[in-house]
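Student: Coordinates in work.cif, mmCIF, C-alpha atoms, are listed below.
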data_data
loop_
_atom_site.label_atom_id
_atom_site.label_comp_id
_atom_site.auth_asym_id
_atom_site.auth_seq_id
_atom_site.Cartn_x
_atom_site.Cartn_y
_atom_site.Cartn_z
CA MET A 7 4.08 -20.34 34.15
CA VAL A 8 5.65 -23.75 33.48
CA SER A 9 5.80 -25.95 36.59
CA LEU A 10 8.95 -27.64 37.86
CA GLN A 11 7.14 -30.95 37.54
CA ALA A 12 6.62 -30.36 33.82
CA ILE A 13 10.31 -29.52 33.37
CA TRP A 14 11.26 -32.66 35.32
CA ARG A 15 9.14 -34.75 32.98
CA HIS A 16 10.49 -33.06 29.86
CA PRO A 17 14.02 -31.81 30.64
CA ASP A 18 14.79 -31.26 26.95
CA ASP A 19 12.26 -28.41 26.99
CA LEU A 20 14.25 -26.32 29.47
CA TYR A 21 16.97 -24.92 27.19
CA PRO A 22 14.61 -23.91 24.33
CA MET A 23 12.24 -22.33 26.87
CA VAL A 24 15.01 -20.24 28.39
CA LYS A 25 16.09 -19.12 24.92
CA LEU A 26 12.49 -18.21 24.10
CA LYS A 27 12.18 -16.18 27.30
CA LEU A 28 15.39 -14.29 26.57
CA ALA A 29 14.29 -13.69 22.98
CA ALA A 30 11.02 -12.24 24.26
CA ARG A 31 12.91 -9.80 26.48
CA ARG A 32 15.20 -8.79 23.61
CA ALA A 33 12.18 -8.23 21.36
CA GLU A 34 10.59 -5.94 23.93
CA LYS A 35 13.80 -3.89 24.12
CA GLN A 36 13.80 -3.51 20.32
CA ILE A 37 10.48 -1.66 20.27
CA PRO A 38 11.10 1.62 18.34
CA THR A 39 10.85 4.98 20.09
CA GLU A 40 8.61 6.70 17.52
CA PRO A 41 5.07 6.83 19.02
CA HIS A 42 3.34 5.13 16.09
CA TRP A 43 5.87 2.31 15.82
CA ALA A 44 6.05 1.93 19.58
CA PHE A 45 2.27 1.46 19.62
CA CYS A 46 2.34 -1.03 16.75
CA TYR A 47 5.05 -3.27 18.20
CA SER A 48 3.65 -3.06 21.73
CA MET A 49 0.23 -3.99 20.38
CA LEU A 50 1.75 -6.82 18.35
CA HIS A 51 3.20 -8.32 21.53
CA LYS A 52 -0.20 -8.07 23.18
CA VAL A 53 -2.37 -9.56 20.44
CA SER A 54 0.08 -12.27 19.40
CA ARG A 55 3.19 -12.74 21.51
CA SER A 56 4.42 -15.78 19.56
CA PHE A 57 4.03 -14.02 16.21
CA ALA A 58 5.84 -10.98 17.57
CA LEU A 59 8.83 -13.18 18.40
CA VAL A 60 8.85 -14.69 14.94
CA ILE A 61 8.85 -11.41 13.02
CA GLN A 62 11.66 -10.02 15.17
CA GLN A 63 13.91 -12.36 13.20
CA LEU A 64 13.22 -10.44 9.98
CA ASP A 65 15.20 -7.51 8.58
CA THR A 66 13.88 -4.10 9.63
CA ASP A 67 12.12 -3.15 6.38
CA LEU A 68 10.30 -6.45 6.06
CA ARG A 69 9.66 -6.65 9.80
CA ASP A 70 7.84 -3.31 9.80
CA ALA A 71 5.71 -4.26 6.79
CA VAL A 72 4.74 -7.63 8.28
CA CYS A 73 3.91 -5.97 11.60
CA ILE A 74 1.49 -3.57 9.92
CA PHE A 75 0.07 -6.37 7.76
CA TYR A 76 -0.67 -8.48 10.83
CA LEU A 77 -2.24 -5.63 12.81
CA VAL A 78 -4.50 -4.70 9.89
CA LEU A 79 -5.68 -8.32 9.71
CA ARG A 80 -6.30 -8.32 13.47
CA ALA A 81 -8.30 -5.10 13.11
CA LEU A 82 -10.39 -6.63 10.32
CA ASP A 83 -11.03 -9.68 12.48
CA THR A 84 -12.02 -7.48 15.40
CA VAL A 85 -14.67 -5.70 13.35
CA GLU A 86 -15.91 -8.94 11.83
CA ASP A 87 -16.08 -10.82 15.15
CA ASP A 88 -17.88 -8.08 17.10
CA THR A 89 -21.49 -9.29 17.17
CA SER A 90 -22.70 -6.01 18.67
CA ILE A 91 -22.11 -4.20 15.37
CA ALA A 92 -25.13 -4.13 13.07
CA MET A 93 -24.51 -5.71 9.68
CA GLU A 94 -25.47 -2.53 7.85
CA VAL A 95 -22.62 -0.80 9.73
CA LYS A 96 -20.13 -3.67 9.70
CA VAL A 97 -20.18 -4.56 6.00
CA PRO A 98 -19.38 -1.04 4.67
CA ILE A 99 -16.49 -0.74 7.14
CA LEU A 100 -15.02 -4.06 6.04
CA MET A 101 -15.44 -3.25 2.35
CA ALA A 102 -13.78 0.15 2.74
CA PHE A 103 -10.99 -0.98 5.06
CA HIS A 104 -8.35 -0.69 2.34
CA ARG A 105 -9.14 3.03 2.25
CA HIS A 106 -9.26 3.48 6.03
CA ILE A 107 -5.61 2.41 6.22
CA TYR A 108 -4.67 5.60 4.36
CA ASP A 109 -6.67 7.81 6.74
CA ARG A 110 -4.47 8.86 9.66
CA GLU A 111 -7.50 9.95 11.69
CA TRP A 112 -9.75 6.93 11.19
CA HIS A 113 -10.64 4.71 14.13
CA PHE A 114 -13.67 2.66 15.12
CA SER A 115 -14.51 1.63 18.65
CA CYS A 116 -15.25 -2.08 18.89
CA GLY A 117 -13.84 -5.31 20.30
CA THR A 118 -12.64 -5.93 23.84
CA LYS A 119 -9.44 -5.59 25.90
CA ASP A 120 -6.30 -5.15 23.78
CA TYR A 121 -8.30 -5.38 20.56
CA LYS A 122 -10.42 -2.42 21.64
CA VAL A 123 -7.24 -0.41 22.23
CA LEU A 124 -6.05 -1.39 18.75
CA MET A 125 -9.28 -0.12 17.18
CA ASP A 126 -9.55 3.01 19.33
CA GLU A 127 -6.00 4.06 18.43
CA PHE A 128 -5.84 2.69 14.90
CA HIS A 129 -4.46 6.04 13.72
CA HIS A 130 -1.07 4.88 14.98
CA VAL A 131 -1.23 1.92 12.58
CA SER A 132 -2.18 4.20 9.69
CA THR A 133 0.68 6.58 10.50
CA ALA A 134 3.14 3.69 10.59
CA PHE A 135 1.73 2.37 7.31
CA TRP A 136 2.38 5.76 5.68
CA SER A 137 6.03 5.59 6.71
CA LEU A 138 6.68 2.29 4.90
CA GLU A 139 8.81 2.45 1.77
CA ALA A 140 7.28 1.87 -1.65
CA GLU A 141 8.64 -1.39 -2.98
CA THR A 142 7.36 -1.39 -6.55
CA ILE A 143 6.34 1.24 -9.07
CA ASP A 144 2.77 0.01 -8.62
CA ASP A 145 3.09 0.71 -4.86
CA TYR A 146 4.43 4.16 -5.69
CA ASP A 147 1.54 4.86 -8.05
CA GLU A 148 -0.95 3.64 -5.47
CA TYR A 149 0.57 5.87 -2.79
CA CYS A 150 0.43 8.89 -5.10
CA HIS A 151 -3.16 7.98 -6.00
CA TYR A 152 -4.32 8.12 -2.40
CA VAL A 153 -2.31 11.26 -1.62
CA ALA A 154 -3.07 13.26 -4.77
CA GLY A 155 -4.99 11.20 -7.34
CA LEU A 156 -8.13 11.13 -5.20
CA VAL A 157 -7.88 14.90 -4.91
CA GLY A 158 -7.92 15.07 -8.69
CA LEU A 159 -10.98 12.84 -8.83
CA GLY A 160 -12.75 14.90 -6.19
CA LEU A 161 -12.02 18.19 -7.91
CA SER A 162 -13.27 16.85 -11.24
CA LYS A 163 -16.56 15.90 -9.59
CA LEU A 164 -16.83 19.36 -8.00
CA PHE A 165 -16.16 21.04 -11.35
CA HIS A 166 -18.87 18.89 -12.93
CA ALA A 167 -21.34 19.48 -10.10
CA SER A 168 -20.91 23.23 -10.58
CA GLY A 169 -22.21 22.85 -14.12
CA LYS A 170 -19.12 24.51 -15.55
CA GLU A 171 -17.28 21.43 -16.80
CA ASP A 172 -17.95 17.99 -18.23
CA LEU A 173 -17.02 15.11 -15.94
CA ALA A 174 -13.46 14.03 -16.71
CA SER A 175 -12.52 10.36 -16.66
CA ASP A 176 -11.00 8.92 -13.50
CA THR A 177 -7.83 8.04 -15.42
CA LEU A 178 -7.22 11.62 -16.55
CA SER A 179 -8.12 13.07 -13.16
CA ASN A 180 -5.80 10.64 -11.42
CA SER A 181 -2.91 11.53 -13.75
CA MET A 182 -3.32 15.22 -12.90
CA GLY A 183 -2.71 14.39 -9.25
CA LEU A 184 0.06 11.85 -9.84
CA PHE A 185 2.09 14.20 -12.01
CA LEU A 186 2.11 16.88 -9.31
CA GLN A 187 2.80 14.46 -6.46
CA LYS A 188 5.65 12.67 -8.24
CA THR A 189 7.26 16.01 -9.03
CA ASN A 190 7.14 16.98 -5.35
CA ILE A 191 8.59 13.62 -4.30
CA ILE A 192 11.47 13.98 -6.76
CA ARG A 193 12.22 17.59 -5.79
CA ASP A 194 12.01 16.92 -2.03
CA TYR A 195 14.38 13.92 -1.89
CA LEU A 196 16.94 15.55 0.41
CA GLU A 197 14.38 17.07 2.77
CA ASP A 198 12.56 13.74 3.09
CA ILE A 199 15.66 11.58 3.51
CA ASN A 200 17.00 13.90 6.24
CA GLU A 201 13.71 13.99 8.13
CA VAL A 202 14.10 13.57 11.90
CA PRO A 203 13.59 11.27 13.75
CA LYS A 204 13.13 8.96 10.76
CA SER A 205 13.61 9.39 7.03
CA ARG A 206 10.60 9.61 4.76
CA MET A 207 11.25 7.30 1.83
CA PHE A 208 8.89 7.69 -1.10
CA TRP A 209 11.11 6.74 -4.04
CA PRO A 210 10.21 3.16 -5.04
CA ARG A 211 12.77 0.45 -4.40
CA GLN A 212 12.09 -0.95 -7.87
CA ILE A 213 13.80 2.15 -9.27
CA TRP A 214 16.50 3.14 -6.74
CA SER A 215 17.74 -0.40 -6.10
CA LYS A 216 19.11 -0.45 -9.66
CA TYR A 217 21.63 2.20 -8.61
CA VAL A 218 22.40 1.90 -4.87
CA ASN A 219 21.98 -0.51 -1.98
CA LYS A 220 20.09 1.96 0.23
CA LEU A 221 18.00 4.96 -0.74
CA GLU A 222 19.97 7.30 1.52
CA ASP A 223 23.17 6.37 -0.37
CA LEU A 224 22.07 8.65 -3.19
CA LYS A 225 22.97 11.75 -1.18
CA TYR A 226 26.62 10.81 -0.75
CA GLU A 227 29.11 12.43 -3.09
CA GLU A 228 30.81 9.17 -4.03
CA ASN A 229 27.50 8.01 -5.55
CA SER A 230 26.90 11.16 -7.62
CA VAL A 231 26.85 9.43 -11.02
CA LYS A 232 24.43 6.73 -9.86
CA ALA A 233 22.34 9.31 -8.02
CA VAL A 234 21.80 11.38 -11.15
CA GLN A 235 20.95 8.27 -13.16
CA CYS A 236 18.37 7.30 -10.54
CA LEU A 237 16.98 10.83 -10.54
CA ASN A 238 16.61 10.75 -14.31
CA ASP A 239 14.80 7.41 -14.00
CA MET A 240 12.35 8.98 -11.54
CA VAL A 241 11.74 11.98 -13.82
CA THR A 242 11.14 9.67 -16.77
CA ASN A 243 8.58 7.78 -14.69
CA ALA A 244 6.73 11.04 -13.95
CA LEU A 245 6.66 12.10 -17.61
CA VAL A 246 4.30 9.26 -18.53
CA HIS A 247 1.42 11.26 -17.01
CA VAL A 248 1.92 14.39 -19.12
CA GLU A 249 -0.18 13.29 -22.10
CA ASP A 250 -3.16 12.63 -19.82
CA CYS A 251 -2.66 16.00 -18.14
CA LEU A 252 -2.67 17.85 -21.47
CA THR A 253 -5.80 15.98 -22.55
CA TYR A 254 -7.53 16.86 -19.26
CA MET A 255 -6.69 20.56 -19.47
CA SER A 256 -7.63 20.84 -23.15
CA ALA A 257 -11.22 19.90 -22.26
CA LEU A 258 -11.69 22.61 -19.61
CA ARG A 259 -14.03 25.49 -20.51
CA ASP A 260 -14.21 27.76 -17.49
CA PRO A 261 -11.28 30.26 -17.45
CA ALA A 262 -10.91 30.29 -13.65
CA ILE A 263 -10.98 26.49 -13.37
CA PHE A 264 -8.56 26.26 -16.28
CA ARG A 265 -5.99 28.52 -14.61
CA PHE A 266 -6.49 26.75 -11.29
CA CYS A 267 -5.53 23.46 -12.96
CA ALA A 268 -2.99 24.64 -15.51
CA ILE A 269 -0.61 26.76 -13.43
CA PRO A 270 0.45 23.94 -11.05
CA GLN A 271 0.95 21.59 -14.01
CA ILE A 272 3.24 24.07 -15.77
CA MET A 273 5.13 24.56 -12.50
CA ALA A 274 5.56 20.77 -12.32
CA ILE A 275 7.00 20.32 -15.82
CA GLY A 276 9.26 23.32 -15.18
CA THR A 277 10.48 21.80 -11.92
CA LEU A 278 11.20 18.47 -13.61
CA ALA A 279 13.17 20.28 -16.31
CA LEU A 280 15.30 21.87 -13.59
CA CYS A 281 15.71 18.67 -11.60
CA TYR A 282 16.61 16.41 -14.51
CA ASN A 283 20.31 15.47 -14.56
CA ASN A 284 20.89 17.90 -11.70
CA ILE A 285 23.04 16.68 -8.79
CA GLN A 286 21.81 19.64 -6.72
CA VAL A 287 18.63 17.65 -5.99
CA PHE A 288 20.85 15.65 -3.61
CA ARG A 289 22.67 18.67 -2.19
CA GLY A 290 20.01 21.29 -1.52
CA VAL A 291 16.79 22.83 -2.84
CA VAL A 292 15.99 22.95 -6.56
CA LYS A 293 13.00 25.04 -7.55
CA MET A 294 11.89 27.57 -10.13
CA ARG A 295 13.00 31.12 -9.44
CA ARG A 296 10.32 33.50 -8.23
CA GLY A 297 10.44 35.64 -11.33
CA LEU A 298 9.77 32.67 -13.61
CA THR A 299 6.96 31.54 -11.32
CA ALA A 300 5.44 35.00 -11.56
CA GLN A 301 5.65 34.84 -15.37
CA VAL A 302 3.86 31.48 -15.42
CA ILE A 303 1.05 32.82 -13.22
CA ASP A 304 0.74 36.01 -15.27
CA ARG A 305 0.88 34.46 -18.74
CA THR A 306 -1.18 31.28 -18.33
CA LYS A 307 -4.58 32.14 -19.73
CA THR A 308 -5.27 29.75 -22.62
CA MET A 309 -4.53 26.19 -23.64
CA GLY A 310 -2.13 27.67 -26.17
CA ASP A 311 -0.14 29.07 -23.27
CA VAL A 312 -0.03 25.61 -21.71
CA TYR A 313 1.16 23.95 -24.91
CA GLY A 314 3.81 26.65 -25.26
CA ALA A 315 5.08 26.20 -21.72
CA PHE A 316 5.16 22.41 -21.94
CA TYR A 317 6.91 22.67 -25.30
CA ASP A 318 9.60 24.99 -23.94
CA PHE A 319 10.24 23.04 -20.75
CA SER A 320 10.23 19.71 -22.60
CA ARG A 321 12.82 21.04 -25.05
CA MET A 322 14.89 22.28 -22.12
CA LEU A 323 14.68 18.87 -20.50
CA LYS A 324 15.51 17.09 -23.74
CA SER A 325 18.63 19.21 -24.20
CA LYS A 326 19.91 17.82 -20.88
CA VAL A 327 19.50 14.15 -21.81
CA ASP A 328 22.85 12.37 -22.01
CA ASP A 329 22.83 9.49 -24.48
CA ALA A 330 24.95 7.54 -21.99
CA ASP A 331 22.15 7.67 -19.42
CA PRO A 332 20.57 4.20 -18.94
CA ASN A 333 17.09 5.60 -19.61
CA ALA A 334 18.00 8.10 -22.32
CA LYS A 335 16.00 6.37 -25.05
CA LYS A 336 12.88 6.07 -22.91
CA THR A 337 13.17 9.66 -21.72
CA LYS A 338 13.52 10.98 -25.28
CA GLU A 339 10.54 8.93 -26.45
CA SER A 340 8.34 10.43 -23.74
CA LEU A 341 9.55 13.95 -24.53
CA GLU A 342 9.06 13.50 -28.27
CA ALA A 343 5.47 12.42 -27.63
CA ILE A 344 4.87 15.55 -25.52
CA LEU A 345 6.53 17.84 -28.08
CA LYS A 346 4.43 16.32 -30.87
CA ILE A 347 1.19 16.98 -28.98
CA CYS A 348 2.24 20.59 -28.47
CA ARG A 349 3.19 21.04 -32.14
CA ASP A 350 0.03 19.32 -33.38
CA SER A 351 -2.09 21.71 -31.30
CA GLY A 352 -1.38 24.36 -33.94
CA THR A 353 -0.99 27.03 -31.26
CA LEU A 354 2.80 27.37 -31.09
CA SER A 355 2.98 29.71 -34.10
CA GLN A 356 0.55 32.09 -32.36
CA ARG A 357 2.94 32.82 -29.47
#
For the structure just supplied, provide its representation as structure tokens.

Tutor:
Amino acid sequence: MVSLQAIWRHPDDLYPMVKLKLAARRAEKQIPTEPHWAFCYSMLHKVSRSFALVIQQLDTDLRDAVCIFYLVLRALDTVEDDTSIAMEVKVPILMAFHRHIYDREWHFSCGTKDYKVLMDEFHHVSTAFWSLEAETIDDYDEYCHYVAGLVGLGLSKLFHASGKEDLASDTLSNSMGLFLQKTNIIRDYLEDINEVPKSRMFWPRQIWSKYVNKLEDLKYEENSVKAVQCLNDMVTNALVHVEDCLTYMSALRDPAIFRFCAIPQIMAIGTLALCYNNIQVFRGVVKMRRGLTAQVIDRTKTMGDVYGAFYDFSRMLKSKVDDADPNAKKTKESLEAILKICRDSGTLSQR
């Protein structure tokens, strides 16, 4: 508490101090209601009150990102500064911290006072981190890697450990996961953007900002043309993983493992073919009909079946490409590469 004597000596300090006090009260009232964000901003005020006041001046999107960034740094410092933690425990935690952020259940008890609370309930920080928007395509790829790419890597290692398959490269395994995850993100736009109490925004700003000012603007009818163009851009981004996926599946030997991997991939390319240039993605649910899904499950037995399905769905998608679309050339190039792989397999004539 500042004394009256200090104010008397420095009267010019009074007005800025009052403003600072009022700003602090306003900042506390702006703490979000969602449990994870409420924890993060409350903790921010406790571990650095002055910094909390500074970031309140930022726009919401940037403010949230900076808040998480600061709390992660404080958590790292807490682990590093705790002398009670043995080095053989501390060092692996610090080196793997970039992965812990993606684990909504991870926490590690250390530190004292407010810092101990931060570490004990770090899952709130991870949950808030997951709700941040992807800014760049690299961010988007990284998100999909941690959500699905790591699953692909893990499955490849399990297949290899079973003795039934050779160990696939990390790049190919990652692409298997990314292709599926990106398809889900594209298909589920409306469900995610309408999520209560807060939208889930997975489409990267680097793509959607070329078409609208806010991601949610894509669902409004007056933005239909731009929405479809953005959708087509997202589909084109997903198609870059198809070649890796076909290479991965062509190396599989075990019939059960092959079907386990191939059926979801065919479902993904089929879903993208339906979604492409389709305004219904922003109006409701777009998915393959049950009968077609049943056919895919029933008929997918060999790599020839996979090439045939990818060939058919890629042709279907290509037939929907409008030359006036901003990404038409890029989309066609990706599809032509996929179609060529399928033709060069020599299996299409056997169907």

Student: Which residues fall under the PyMOL selection byres ((chain A and resi 139) around 6) in this file, as a list in words?

Tutor: Leu138, Ala140, Met207 and Phe208 of chain A

Student: For the provided coordinates, the residues matched by the PyMOL selection byres ((chain A and resi 113) around 6) should be stated as a CSV table (one decimal) with C-alpha atoms, in the frame of the given file.

Tutor:
chain,number,residue,atom,x,y,z
A,112,TRP,CA,-9.8,6.9,11.2
A,114,PHE,CA,-13.7,2.7,15.1
A,125,MET,CA,-9.3,-0.1,17.2
A,126,ASP,CA,-9.6,3.0,19.3
A,128,PHE,CA,-5.8,2.7,14.9

Student: Tell me which residues come within 10 Å of (18.6, 5.4, 0.2), as a PyMOL selection string, counting only C-alpha atoms in the file's coordinates.

Tutor: chain A and resi 195+199+205+207+209+211+214-215+217-226+233

Student: Would you save the residues from that selection as a PDB file, in the coordinates of the input, using C-alpha atoms?

Tutor:
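As written to disk, selection37.pdb reads:
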ATOM      1  CA  TYR A 195      14.380  13.920  -1.890  1.00  0.00           C
ATOM      2  CA  ILE A 199      15.660  11.580   3.510  1.00  0.00           C
ATOM      3  CA  SER A 205      13.610   9.390   7.030  1.00  0.00           C
ATOM      4  CA  MET A 207      11.250   7.300   1.830  1.00  0.00           C
ATOM      5  CA  TRP A 209      11.110   6.740  -4.040  1.00  0.00           C
ATOM      6  CA  ARG A 211      12.770   0.450  -4.400  1.00  0.00           C
ATOM      7  CA  TRP A 214      16.500   3.140  -6.740  1.00  0.00           C
ATOM      8  CA  SER A 215      17.740  -0.400  -6.100  1.00  0.00           C
ATOM      9  CA  TYR A 217      21.630   2.200  -8.610  1.00  0.00           C
ATOM     10  CA  VAL A 218      22.400   1.900  -4.870  1.00  0.00           C
ATOM     11  CA  ASN A 219      21.980  -0.510  -1.980  1.00  0.00           C
ATOM     12  CA  LYS A 220      20.090   1.960   0.230  1.00  0.00           C
ATOM     13  CA  LEU A 221      18.000   4.960  -0.740  1.00  0.00           C
ATOM     14  CA  GLU A 222      19.970   7.300   1.520  1.00  0.00           C
ATOM     15  CA  ASP A 223      23.170   6.370  -0.370  1.00  0.00           C
ATOM     16  CA  LEU A 224      22.070   8.650  -3.190  1.00  0.00           C
ATOM     17  CA  LYS A 225      22.970  11.750  -1.180  1.00  0.00           C
ATOM     18  CA  TYR A 226      26.620  10.810  -0.750  1.00  0.00           C
ATOM     19  CA  ALA A 233      22.340   9.310  -8.020  1.00  0.00           C
TER      20      ALA A 233
END

Student: Name the residues that the PyMOL selection byres ((chain A and resi 269-278) around 7) picks from the file above, as an MDAnalysis selection string, using the file's chain letters and numbers.

Tutor: chainID A and resid 186 189 241 265:268 279:282 293:294 302:303 306 312 315:316 319

Student: Can those selected residues be exported to a file as a compact mmCIF listing (two decimals), in the frame of the given file so that it contains C-alpha atoms?

Tutor:
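The resulting file, out_0.txt, is shown below:
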# COMPACT_ATOMS: atom_id res chain seq x y z
CA LEU A 186 2.11 16.88 -9.31
CA THR A 189 7.26 16.01 -9.03
CA VAL A 241 11.74 11.98 -13.82
CA ARG A 265 -5.99 28.52 -14.61
CA PHE A 266 -6.49 26.75 -11.29
CA CYS A 267 -5.53 23.46 -12.96
CA ALA A 268 -2.99 24.64 -15.51
CA ALA A 279 13.17 20.28 -16.31
CA LEU A 280 15.30 21.87 -13.59
CA CYS A 281 15.71 18.67 -11.60
CA TYR A 282 16.61 16.41 -14.51
CA LYS A 293 13.00 25.04 -7.55
CA MET A 294 11.89 27.57 -10.13
CA VAL A 302 3.86 31.48 -15.42
CA ILE A 303 1.05 32.82 -13.22
CA THR A 306 -1.18 31.28 -18.33
CA VAL A 312 -0.03 25.61 -21.71
CA ALA A 315 5.08 26.20 -21.72
CA PHE A 316 5.16 22.41 -21.94
CA PHE A 319 10.24 23.04 -20.75

Student: Which neighbours of segment 331-340 of chain A fall inside 9 Å, counting all atoms listed in the file, when residues of the same chain fewer than 3 positions from it are skipped, and could you give them as a PDB file with C-alpha atoms, in the coordinates of the input?

Tutor:
ATOM      1  CA  GLN A 235      20.950   8.270 -13.160  1.00  0.00           C
ATOM      2  CA  ASN A 238      16.610  10.750 -14.310  1.00  0.00           C
ATOM      3  CA  ASP A 239      14.800   7.410 -14.000  1.00  0.00           C
ATOM      4  CA  VAL A 241      11.740  11.980 -13.820  1.00  0.00           C
ATOM      5  CA  THR A 242      11.140   9.670 -16.770  1.00  0.00           C
ATOM      6  CA  ASN A 243       8.580   7.780 -14.690  1.00  0.00           C
ATOM      7  CA  LEU A 245       6.660  12.100 -17.610  1.00  0.00           C
ATOM      8  CA  VAL A 246       4.300   9.260 -18.530  1.00  0.00           C
ATOM      9  CA  VAL A 248       1.920  14.390 -19.120  1.00  0.00           C
ATOM     10  CA  LYS A 324      15.510  17.090 -23.740  1.00  0.00           C
ATOM     11  CA  VAL A 327      19.500  14.150 -21.810  1.00  0.00           C
ATOM     12  CA  ASP A 328      22.850  12.370 -22.010  1.00  0.00           C
ATOM     13  CA  ALA A 343       5.470  12.420 -27.630  1.00  0.00           C
ATOM     14  CA  ILE A 344       4.870  15.550 -25.520  1.00  0.00           C
ATOM     15  CA  LEU A 345       6.530  17.840 -28.080  1.00  0.00           C
TER      16      LEU A 345
END

Student: Can you work out which one of A:Leu196, A:Ile191, A:Val53, A:Ala134 has the shortest atom-to-atom distance to Lys119 of chain A, counting only C-alpha atoms?

Tutor: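 Residue with the minimum atom-to-atom distance to Lys119 of chain A: A:Val53.
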
Student: For Thr177 of chain A, work out the shell of residues within 12 Å, counting only C-alpha atoms and skipping chain neighbours fewer than 4 positions away, then give it as a ChimeraX atom specification.

Tutor: /A:151,155-156,158-159,162,173,181-184,247,249-251,253-254

Student: Quick one: of A:Glu94, A:Asp329, A:Glu111, A:Glu171, who's nearest to Ile263 of chain A, counting all atoms listed in the file?

Tutor: A:Glu171

Student: Taking all atoms of segment 170-184 of chain A that the file lists, what box with edges along x, y and z, padded by 3 Å per side, do you get, with centre and edge lengths in Å to one decimal, as JSON?

Tutor:
{"center_x": -9.5, "center_y": 16.3, "center_z": -13.7, "size_x": 25.2, "size_y": 22.5, "size_z": 15.0}

Student: Work out how far apart atom CA of Glu40 of chain A and atom CA of Val72 of chain A are and give it in Å to one decimal.

Tutor: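 Computing it gives 17.5 Å between the two atoms.
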
Student: Enter the distance from atom CA of Leu178 of chain A to atom CA of Leu164 of chain A, in Å, rounded to one decimal.

Tutor: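 Between atom CA of Leu178 of chain A and atom CA of Leu164 of chain A the gap is 15.0 Å.
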
Student: Neighbouring residues of Ala71 of chain A were defined as those with any atom within 12 Å, considering all atoms listed in the file; residues of the same chain fewer than 3 positions away were excluded. Please report them as an MDAnalysis selection string.

Tutor: chainID A and resid 43 46:47 61:62 64:68 74:78 131:132 134:141

Student: Output C-alpha atoms for every residue in the selection just made, as a short mmCIF file (atom, residue, chain, number, x, y, z; two decimals), keeping the file's coordinate frame.

Tutor:
data_model
loop_
_atom_site.label_atom_id
_atom_site.label_comp_id
_atom_site.auth_asym_id
_atom_site.auth_seq_id
_atom_site.Cartn_x
_atom_site.Cartn_y
_atom_site.Cartn_z
CA TRP A 43 5.87 2.31 15.82
CA CYS A 46 2.34 -1.03 16.75
CA TYR A 47 5.05 -3.27 18.20
CA ILE A 61 8.85 -11.41 13.02
CA GLN A 62 11.66 -10.02 15.17
CA LEU A 64 13.22 -10.44 9.98
CA ASP A 65 15.20 -7.51 8.58
CA THR A 66 13.88 -4.10 9.63
CA ASP A 67 12.12 -3.15 6.38
CA LEU A 68 10.30 -6.45 6.06
CA ILE A 74 1.49 -3.57 9.92
CA PHE A 75 0.07 -6.37 7.76
CA TYR A 76 -0.67 -8.48 10.83
CA LEU A 77 -2.24 -5.63 12.81
CA VAL A 78 -4.50 -4.70 9.89
CA VAL A 131 -1.23 1.92 12.58
CA SER A 132 -2.18 4.20 9.69
CA ALA A 134 3.14 3.69 10.59
CA PHE A 135 1.73 2.37 7.31
CA TRP A 136 2.38 5.76 5.68
CA SER A 137 6.03 5.59 6.71
CA LEU A 138 6.68 2.29 4.90
CA GLU A 139 8.81 2.45 1.77
CA ALA A 140 7.28 1.87 -1.65
CA GLU A 141 8.64 -1.39 -2.98
#

Student: Record the distance separating atom CA of Phe103 of chain A and atom CA of Asp198 of chain A, expressed in Å with one decimal.

Tutor: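 These two atoms are separated by 27.8 Å.
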
Student: For a quick check of understanding, using only C-alpha atoms, which of A:Asp350, A:Glu342, A:Asp318, A:Asp83 has the smallest distance to Leu124 of chain A?

Tutor: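 With only C-alpha atoms as the atom set, the closest residue is A:Asp83.
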
Student: Taking all atoms listed in the file into account, which of A:Glu127, A:Ser256, A:Tyr121, A:Ile285 comes nearest Cys348 of chain A?

Tutor: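 Smallest separation from Cys348 of chain A among the options: A:Ser256.
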
Student: Between A:Arg349, A:Arg305, A:Arg289, A:Lys232, which residue has the minimum interatomic distance to Tyr317 of chain A, considering all atoms listed in the file?

Tutor: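 Nearest candidate to Tyr317 of chain A out of A:Arg349, A:Arg305, A:Arg289, A:Lys232: A:Arg349.
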
Student: Missing atoms in segment 242-248 of chain A should be modelled up to N, CA and C atoms and reported as a CSV table (one decimal), keeping the file's coordinate frame.

Tutor:
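Contents of the output file out-v2.csv:
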chain,number,residue,atom,x,y,z
A,242,THR,N,11.7,10.4,-15.6
A,242,THR,CA,11.1,9.7,-16.8
A,242,THR,C,9.8,9.0,-16.4
A,243,ASN,N,9.8,8.4,-15.2
A,243,ASN,CA,8.6,7.8,-14.7
A,243,ASN,C,7.4,8.8,-14.6
A,244,ALA,N,7.8,10.0,-14.1
A,244,ALA,CA,6.7,11.0,-14.0
A,244,ALA,C,6.2,11.5,-15.3
A,245,LEU,N,7.1,11.6,-16.3
A,245,LEU,CA,6.7,12.1,-17.6
A,245,LEU,C,5.5,11.3,-18.3
A,246,VAL,N,5.3,10.1,-17.9
A,246,VAL,CA,4.3,9.3,-18.5
A,246,VAL,C,2.9,9.8,-18.3
A,247,HIS,N,2.7,10.7,-17.3
A,247,HIS,CA,1.4,11.3,-17.0
A,247,HIS,C,1.1,12.5,-17.8
A,248,VAL,N,2.1,13.1,-18.5
A,248,VAL,CA,1.9,14.4,-19.1
A,248,VAL,C,0.8,14.4,-20.2
